[in-house]
Amino acid sequence: MTQQTHTVTVHLGDRSYDILVGRGLISSLGNEMAARLDQGASSGRQALVVSSPEIAALYGAAVSQSLESAGFQVHSALIPAGEQSKSAESVAQLYQALYDMAADRRTVVVALGGGVIGDLAGFVAATYTRGLDFVQVPTTLLAQVDSSVGGKTGVNFGSAKNLIGAFHQPRLVVIDPDTLRTLPPRERRSGLAEVIKYGIIADKVFFHLLRREINGLLDLTSEHLASVLAHSCTLKARVVELDERDEGLRAILNFGHTVGHALEAVTSYRTYTHGEAIALGMVSAALIGEEVGITRPEDTTSLVTLLRAAGFTVRLDASHSLDEIVRLLAWDKKSVGGSARFVLMEQIGHATPAHPVPESVLRHALQRQTAFTL
Ligand SMILES: NC(=O)c1ccc[n+]([C@@H]2O[C@H](COP(=O)([O-])OP(=O)(O)OC[C@H]3O[C@@H](n4cnc5c(N)ncnc54)[C@H](O)[C@@H]3O)[C@@H](O)[C@H]2O)c1
Ligand SMILES: [Zn+2]
C-alpha cells in the first residue's frame, strides 16, 4: 500500500527546506537527500550518521542502507542516550569523528534520534568547517513536532541548558511516524504536550481535532497521526519563518515553558519529562491569564480537559517551593525588570507574548493550581 507523504516547506529564502512526513520514509532517506543536496548526485559524498546505541540498533541499518544505495559513503558515531550527552565532550567526540573520516565541505551530518541527538549533531554541523549540510531524522514525538524544526542547535554547559548554540537550519527533515512505535508511552505523551501547545497558541480547529483524536494519538492508531505531526511542523514553521532568530514572535512557542522550565529545574530534571512540566506550565499560564483578565475561565477548562484526557497531571504538587519557583523565574531569560514575562492565551488558538506579570499575581495563580479541583 502506498502511504501518503506530507510535505511541509519551511520558507527561509536560501535556507528553505522540506519536512517530509510519512510512514516508512526512513527507507527513502538516501534518495530524498540526494534529490535535495547541492550537486544533485551524492556519489562519493560522505555522510556521518549520529545516533545513540539504542536507536541505531532499531533504525541504523535501514538508514545506512538507504544512504548507501543512494551513493553516500556512510560513517556512524554513537553517543549515549540522555541529556548529559548534550555536552562539550560529545561535541569534541563528533569533531574527532568528522576529522578521522576526512570530512570536507560536501560531508553531510545526519541526526537519527530524539532532540538530544538533533541539538548536538546540529551544533556540530553548524560549526565544523563553519557549516556542514545537516539532515534531521527525528525519532521521538517531541523531536518530530518541535526540536527538528527551526534551526536551533546547541549543547549544555555547566548547569546551564543550551548555553552554547548556533542557528543552523537543516537541509531536510524526514519524519517517519512508524519510529514512534518503539518509543515508551510516557515519551509519546510528553511530545503531545507540545502538539497541544500549538493548538492553544495558533489553531483552534486543530485543538478540537486533538480533543477528538487524543486516544488514537496516544496509542498511535489515529489515522490523523501523520497529518497531526505535519500540521504541528507547519504551525511551528510559520512562526519560525516570521522570526527565525528568536527576536520577537518566536517567543509564543514558549507558552507554558516559563513555569515549566522552573518546575524542571526545581526537581533537578528528575521528576517530570519536559512535556509533563510544560503541561503544568500551560495550566499555570492559563490561570495567570485569568488573573490578569486575558484568559477566559472556559478556555482554561478546555485546556485542562484535553491535558487530562491525554493523561497529564494538571494540579501543582504542593511540595514544590513557590519561593524557589519564583526565584528561578527571576533568573529566567524571559524576565525583564523584576516581573517575569509570560506568553498568555487570549483564546484557544491565539496567544500573545511578553505580558509582564507581577510576582504577587504569579504566586496567587500557582497557589490556585496547587488546590486545583477542576
Ligand atoms: N532545538 C530546539 O528547538 C529544541 C526544542 C525542544 C527541545 N529541544 C531539546 O530536545 C531535547 C529533548 O528531546 P527528546 O524529548 O526527544 O529527548 P531525547 O532525545 O533524550 O530522547 C528521549 C529518549 O527516547 C529514546 N528514543 C528516541 N527515539 C526512540 C525511539 N524511536 N524508540 C525508542 N526510544 C527512543 C532516546 O534514546 C532517549 O532515551 C532537550 O535537550 C531539549 O533541550 C530542542
Ligand atoms: Zn518544549
# chains A, B, ... in the order shown; residues from 1 in each chain; ligands from 1
$ residues_near_ligand --ligand "ligand 2" --cutoff "7 Å" --atoms "only C-alpha atoms and all ligand atoms" --output "PyMOL selection string"
chain A and resi 194+257+274-275+278
$ write_last_selection --atoms "C-alpha atoms" --output "mmCIF file, in the first residue's frame"
data_model
loop_
_atom_site.group_PDB
_atom_site.id
_atom_site.type_symbol
_atom_site.label_atom_id
_atom_site.label_comp_id
_atom_site.auth_asym_id
_atom_site.auth_seq_id
_atom_site.Cartn_x
_atom_site.Cartn_y
_atom_site.Cartn_z
ATOM 1 C CA GLU A 194 3.914 20.440 22.510
ATOM 2 C CA HIS A 257 7.524 26.980 29.276
ATOM 3 C CA HIS A 274 9.688 18.076 29.549
ATOM 4 C CA GLY A 275 6.128 17.592 28.301
ATOM 5 C CA ILE A 278 5.045 22.214 30.275
#
$ closest_atom_pairs --of "segment 137-254 of chain A" --to "segment 280-297 of chain A" --cutoff "10 Å" --atoms "only C-alpha atoms" --output "Markdown table"
| residue | atom | partner | partner_atom | distance |
| --- | --- | --- | --- | --- |
| A:Ala193 | CA | A:Met282 | CA | 9.1 |
| A:Ile196 | CA | A:Met282 | CA | 9.7 |
| A:Lys197 | CA | A:Met282 | CA | 7.8 |
| A:Ile200 | CA | A:Met282 | CA | 9.3 |
| A:Asn254 | CA | A:Met282 | CA | 9.5 |
$ residues_near_ligand --ligand "ligand 1" --cutoff "6 Å" --atoms "only C-alpha atoms and all ligand atoms" --output "list in words"
Ile55, Ala81, Gly82, Glu83, Gly113, Gly114, Gly115, Val116, Ile117, Asp119, Thr139, Thr140, Leu142, Ala143, Asp146, Ser147, Lys152, Thr153, Thr179, Leu180, Thr182 and Leu183 of chain A
$ select_by_dssp --residues "segment 175-349 of chain A" --states "strand (DSSP E or B)" --output "VMD selection string"
chain A and resid 175 335 to 336 339 to 347
$ select_by_dssp --residues "segment 178-259 of chain A" --states "helix (DSSP H, G or I)" --output "PyMOL selection string"
chain A and resi 178-182+185-202+204-218+225-242+249-254+257-259
$ residues_around --residues "His224 of chain A" --least-positions-apart "3" --cutoff "12 Å" --atoms "only C-alpha atoms" --output "VMD selection string"
chain A and resid 4 6 21 to 22 177 206 209 to 210 212 to 218 220 to 221 227 to 232
$ residues_around --residues "segment 24-36 of chain A" --least-positions-apart "5" --cutoff "9 Å" --atoms "only C-alpha atoms" --output "NGL selection string"
:A and (3 or 5 or 17 or 41-43 or 59 or 62-72 or 135 or 137 or 171-172 or 174-179)
$ write_last_selection --atoms "N, CA and C atoms" --output "short mmCIF file (atom, residue, chain, number, x, y, z; two decimals), in the first residue's frame"
data_model
loop_
_atom_site.label_atom_id
_atom_site.label_comp_id
_atom_site.auth_asym_id
_atom_site.auth_seq_id
_atom_site.Cartn_x
_atom_site.Cartn_y
_atom_site.Cartn_z
N GLN A 3 1.77 4.83 1.03
CA GLN A 3 1.38 5.73 2.11
C GLN A 3 1.55 7.15 1.63
N THR A 5 2.67 10.87 1.66
CA THR A 5 3.72 11.66 2.29
C THR A 5 3.26 13.12 2.35
N TYR A 17 13.71 24.69 3.39
CA TYR A 17 13.85 23.23 3.34
C TYR A 17 12.50 22.56 3.50
N ALA A 41 23.91 14.74 -7.58
CA ALA A 41 24.49 13.41 -7.37
C ALA A 41 25.20 13.34 -6.04
N SER A 42 24.94 12.27 -5.31
CA SER A 42 25.54 12.14 -4.00
C SER A 42 26.75 11.21 -4.06
N SER A 43 27.05 10.74 -5.25
CA SER A 43 28.10 9.74 -5.41
C SER A 43 29.41 10.18 -4.73
N TYR A 59 17.07 1.42 14.11
CA TYR A 59 16.87 2.06 12.80
C TYR A 59 18.16 2.32 12.01
N ALA A 62 18.58 0.40 8.54
CA ALA A 62 17.71 0.90 7.47
C ALA A 62 18.24 2.23 6.92
N VAL A 63 18.70 3.09 7.83
CA VAL A 63 19.21 4.40 7.41
C VAL A 63 20.50 4.23 6.59
N SER A 64 21.41 3.42 7.09
CA SER A 64 22.69 3.23 6.37
C SER A 64 22.45 2.65 4.99
N GLN A 65 21.59 1.65 4.94
CA GLN A 65 21.30 1.00 3.66
C GLN A 65 20.72 2.00 2.66
N SER A 66 19.79 2.80 3.14
CA SER A 66 19.15 3.77 2.27
C SER A 66 20.18 4.79 1.75
N LEU A 67 21.08 5.22 2.64
CA LEU A 67 22.09 6.20 2.22
C LEU A 67 23.08 5.58 1.24
N GLU A 68 23.49 4.34 1.55
CA GLU A 68 24.46 3.69 0.67
C GLU A 68 23.88 3.46 -0.72
N SER A 69 22.64 3.02 -0.75
CA SER A 69 22.10 2.75 -2.09
C SER A 69 21.86 4.05 -2.87
N ALA A 70 21.86 5.18 -2.18
CA ALA A 70 21.77 6.46 -2.91
C ALA A 70 23.16 7.02 -3.21
N GLY A 71 24.22 6.26 -2.87
CA GLY A 71 25.57 6.66 -3.27
C GLY A 71 26.40 7.34 -2.20
N PHE A 72 25.88 7.44 -0.97
CA PHE A 72 26.66 8.07 0.10
C PHE A 72 27.64 7.07 0.71
N VAL A 135 20.94 17.02 8.17
CA VAL A 135 19.62 16.41 7.92
C VAL A 135 19.12 15.82 9.23
N VAL A 137 16.57 13.29 11.20
CA VAL A 137 15.64 12.16 11.16
C VAL A 137 15.18 11.93 12.60
N ARG A 171 18.87 20.87 6.04
CA ARG A 171 18.55 20.91 4.61
C ARG A 171 17.30 20.09 4.32
N LEU A 172 16.96 19.21 5.26
CA LEU A 172 15.83 18.31 5.09
C LEU A 172 15.49 17.71 6.44
N VAL A 174 13.21 14.42 7.81
CA VAL A 174 12.43 13.25 7.39
C VAL A 174 11.81 12.61 8.63
N ILE A 175 10.49 12.62 8.68
CA ILE A 175 9.76 12.14 9.85
C ILE A 175 9.00 10.87 9.49
N ASP A 176 9.37 9.80 10.13
CA ASP A 176 8.69 8.52 9.89
C ASP A 176 7.91 8.15 11.15
N PRO A 177 6.58 8.30 11.13
CA PRO A 177 5.78 8.05 12.34
C PRO A 177 5.93 6.62 12.85
N ASP A 178 6.32 5.70 11.98
CA ASP A 178 6.49 4.31 12.43
C ASP A 178 7.57 4.19 13.51
N THR A 179 8.52 5.12 13.53
CA THR A 179 9.57 5.03 14.55
C THR A 179 9.01 5.26 15.96
#
$ residues_around --residues "Ile201 of chain A" --least-positions-apart "6" --cutoff "9 Å" --atoms "only C-alpha atoms" --output "number ranges by chain"
A: 252-253, 255, 344-352
$ write_last_selection --atoms "C-alpha atoms" --output "compact mmCIF listing (two decimals), in the first residue's frame"
# COMPACT_ATOMS: atom_id res chain seq x y z
CA ILE A 252 4.95 32.44 21.67
CA LEU A 253 6.35 28.94 21.22
CA PHE A 255 3.67 29.12 26.04
CA LEU A 344 -0.69 34.26 27.61
CA MET A 345 -3.71 32.70 25.92
CA GLU A 346 -6.25 35.25 24.69
CA GLN A 347 -8.45 32.43 23.46
CA ILE A 348 -7.97 28.87 22.28
CA GLY A 349 -5.95 29.27 19.08
CA HIS A 350 -4.45 32.63 19.94
CA ALA A 351 -1.63 33.57 22.31
CA THR A 352 0.36 36.75 22.69
$ residues_around --residues "Arg341 of chain A" --least-positions-apart "6" --cutoff "12 Å" --atoms "only C-alpha atoms" --output "PDB file with N, CA and C atoms, in the first residue's frame"
ATOM      1  N   ALA A 251       8.801  33.825  20.557  1.00  0.00           N
ATOM      2  CA  ALA A 251       8.566  33.623  21.991  1.00  0.00           C
ATOM      3  C   ALA A 251       7.223  32.943  22.258  1.00  0.00           C
ATOM      4  N   ILE A 252       6.253  33.071  21.357  1.00  0.00           N
ATOM      5  CA  ILE A 252       4.950  32.436  21.665  1.00  0.00           C
ATOM      6  C   ILE A 252       5.072  30.917  21.737  1.00  0.00           C
ATOM      7  N   ASN A 254       6.960  29.541  23.479  1.00  0.00           N
ATOM      8  CA  ASN A 254       7.290  29.256  24.885  1.00  0.00           C
ATOM      9  C   ASN A 254       6.066  29.229  25.785  1.00  0.00           C
ATOM     10  N   PHE A 255       4.881  29.206  25.197  1.00  0.00           N
ATOM     11  CA  PHE A 255       3.674  29.117  26.036  1.00  0.00           C
ATOM     12  C   PHE A 255       3.810  27.902  26.967  1.00  0.00           C
ATOM     13  N   GLY A 256       3.634  28.141  28.261  1.00  0.00           N
ATOM     14  CA  GLY A 256       3.737  27.058  29.239  1.00  0.00           C
ATOM     15  C   GLY A 256       5.158  26.746  29.672  1.00  0.00           C
ATOM     16  N   HIS A 257       6.135  27.351  29.000  1.00  0.00           N
ATOM     17  CA  HIS A 257       7.524  26.980  29.276  1.00  0.00           C
ATOM     18  C   HIS A 257       8.157  27.775  30.407  1.00  0.00           C
ATOM     19  N   THR A 258       7.576  28.908  30.768  1.00  0.00           N
ATOM     20  CA  THR A 258       8.216  29.728  31.807  1.00  0.00           C
ATOM     21  C   THR A 258       8.133  28.988  33.141  1.00  0.00           C
ATOM     22  N   VAL A 259       6.915  28.663  33.566  1.00  0.00           N
ATOM     23  CA  VAL A 259       6.775  27.860  34.789  1.00  0.00           C
ATOM     24  C   VAL A 259       7.287  26.433  34.526  1.00  0.00           C
ATOM     25  N   ALA A 285       0.016  29.164  33.080  1.00  0.00           N
ATOM     26  CA  ALA A 285      -0.123  30.333  32.194  1.00  0.00           C
ATOM     27  C   ALA A 285      -1.598  30.694  32.010  1.00  0.00           C
ATOM     28  N   ILE A 288      -2.722  32.366  35.223  1.00  0.00           N
ATOM     29  CA  ILE A 288      -2.166  33.732  35.268  1.00  0.00           C
ATOM     30  C   ILE A 288      -2.972  34.623  34.320  1.00  0.00           C
ATOM     31  N   GLY A 289      -3.263  34.075  33.149  1.00  0.00           N
ATOM     32  CA  GLY A 289      -4.062  34.829  32.171  1.00  0.00           C
ATOM     33  C   GLY A 289      -5.419  35.219  32.727  1.00  0.00           C
ATOM     34  N   LEU A 329      12.260  32.018  38.329  1.00  0.00           N
ATOM     35  CA  LEU A 329      11.671  32.814  37.248  1.00  0.00           C
ATOM     36  C   LEU A 329      12.346  34.164  37.127  1.00  0.00           C
ATOM     37  N   ALA A 330      12.828  34.683  38.251  1.00  0.00           N
ATOM     38  CA  ALA A 330      13.530  35.962  38.196  1.00  0.00           C
ATOM     39  C   ALA A 330      14.801  35.837  37.361  1.00  0.00           C
ATOM     40  N   TRP A 331      15.318  34.631  37.291  1.00  0.00           N
ATOM     41  CA  TRP A 331      16.533  34.412  36.506  1.00  0.00           C
ATOM     42  C   TRP A 331      16.225  33.958  35.084  1.00  0.00           C
ATOM     43  N   ASP A 332      14.973  33.648  34.867  1.00  0.00           N
ATOM     44  CA  ASP A 332      14.596  33.149  33.548  1.00  0.00           C
ATOM     45  C   ASP A 332      14.900  34.215  32.505  1.00  0.00           C
ATOM     46  N   LYS A 333      15.354  33.774  31.325  1.00  0.00           N
ATOM     47  CA  LYS A 333      15.752  34.778  30.341  1.00  0.00           C
ATOM     48  C   LYS A 333      14.566  35.589  29.816  1.00  0.00           C
ATOM     49  N   LYS A 334      13.352  35.146  30.128  1.00  0.00           N
ATOM     50  CA  LYS A 334      12.187  35.903  29.664  1.00  0.00           C
ATOM     51  C   LYS A 334      11.759  36.979  30.672  1.00  0.00           C
ATOM     52  N   SER A 335      12.512  37.116  31.765  1.00  0.00           N
ATOM     53  CA  SER A 335      12.091  38.112  32.752  1.00  0.00           C
ATOM     54  C   SER A 335      12.845  39.433  32.583  1.00  0.00           C
ATOM     55  N   THR A 352      -0.480  35.583  22.950  1.00  0.00           N
ATOM     56  CA  THR A 352       0.360  36.755  22.692  1.00  0.00           C
ATOM     57  C   THR A 352       1.518  36.761  23.682  1.00  0.00           C
ATOM     58  N   PRO A 353       2.701  37.192  23.217  1.00  0.00           N
ATOM     59  CA  PRO A 353       3.888  37.122  24.069  1.00  0.00           C
ATOM     60  C   PRO A 353       4.057  38.358  24.952  1.00  0.00           C
ATOM     61  N   ALA A 354       5.015  38.238  25.850  1.00  0.00           N
ATOM     62  CA  ALA A 354       5.582  39.376  26.567  1.00  0.00           C
ATOM     63  C   ALA A 354       4.634  40.150  27.460  1.00  0.00           C
ATOM     64  N   HIS A 355       3.769  39.438  28.184  1.00  0.00           N
ATOM     65  CA  HIS A 355       2.963  40.116  29.196  1.00  0.00           C
ATOM     66  C   HIS A 355       3.760  40.154  30.498  1.00  0.00           C
ATOM     67  N   PRO A 356       4.064  41.355  31.031  1.00  0.00           N
ATOM     68  CA  PRO A 356       4.747  41.391  32.318  1.00  0.00           C
ATOM     69  C   PRO A 356       3.762  40.971  33.419  1.00  0.00           C
ATOM     70  N   VAL A 357       4.201  40.091  34.281  1.00  0.00           N
ATOM     71  CA  VAL A 357       3.308  39.587  35.332  1.00  0.00           C
ATOM     72  C   VAL A 357       3.984  39.808  36.677  1.00  0.00           C
ATOM     73  N   PRO A 358       3.349  40.608  37.569  1.00  0.00           N
ATOM     74  CA  PRO A 358       3.958  40.858  38.878  1.00  0.00           C
ATOM     75  C   PRO A 358       4.016  39.570  39.708  1.00  0.00           C
ATOM     76  N   GLU A 359       4.979  39.551  40.614  1.00  0.00           N
ATOM     77  CA  GLU A 359       5.203  38.355  41.426  1.00  0.00           C
ATOM     78  C   GLU A 359       3.951  37.941  42.207  1.00  0.00           C
ATOM     79  N   VAL A 361       0.832  38.207  41.440  1.00  0.00           N
ATOM     80  CA  VAL A 361      -0.130  37.541  40.554  1.00  0.00           C
ATOM     81  C   VAL A 361       0.332  36.106  40.286  1.00  0.00           C
ATOM     82  N   LEU A 362       1.616  35.984  40.027  1.00  0.00           N
ATOM     83  CA  LEU A 362       2.188  34.664  39.775  1.00  0.00           C
ATOM     84  C   LEU A 362       1.969  33.745  40.978  1.00  0.00           C
TER      85      LEU A 362
END
$ atom_distance --atom1 "atom CA of Gly151 of chain A" --atom2 "atom CA of Ala166 of chain A"
8.1 Å
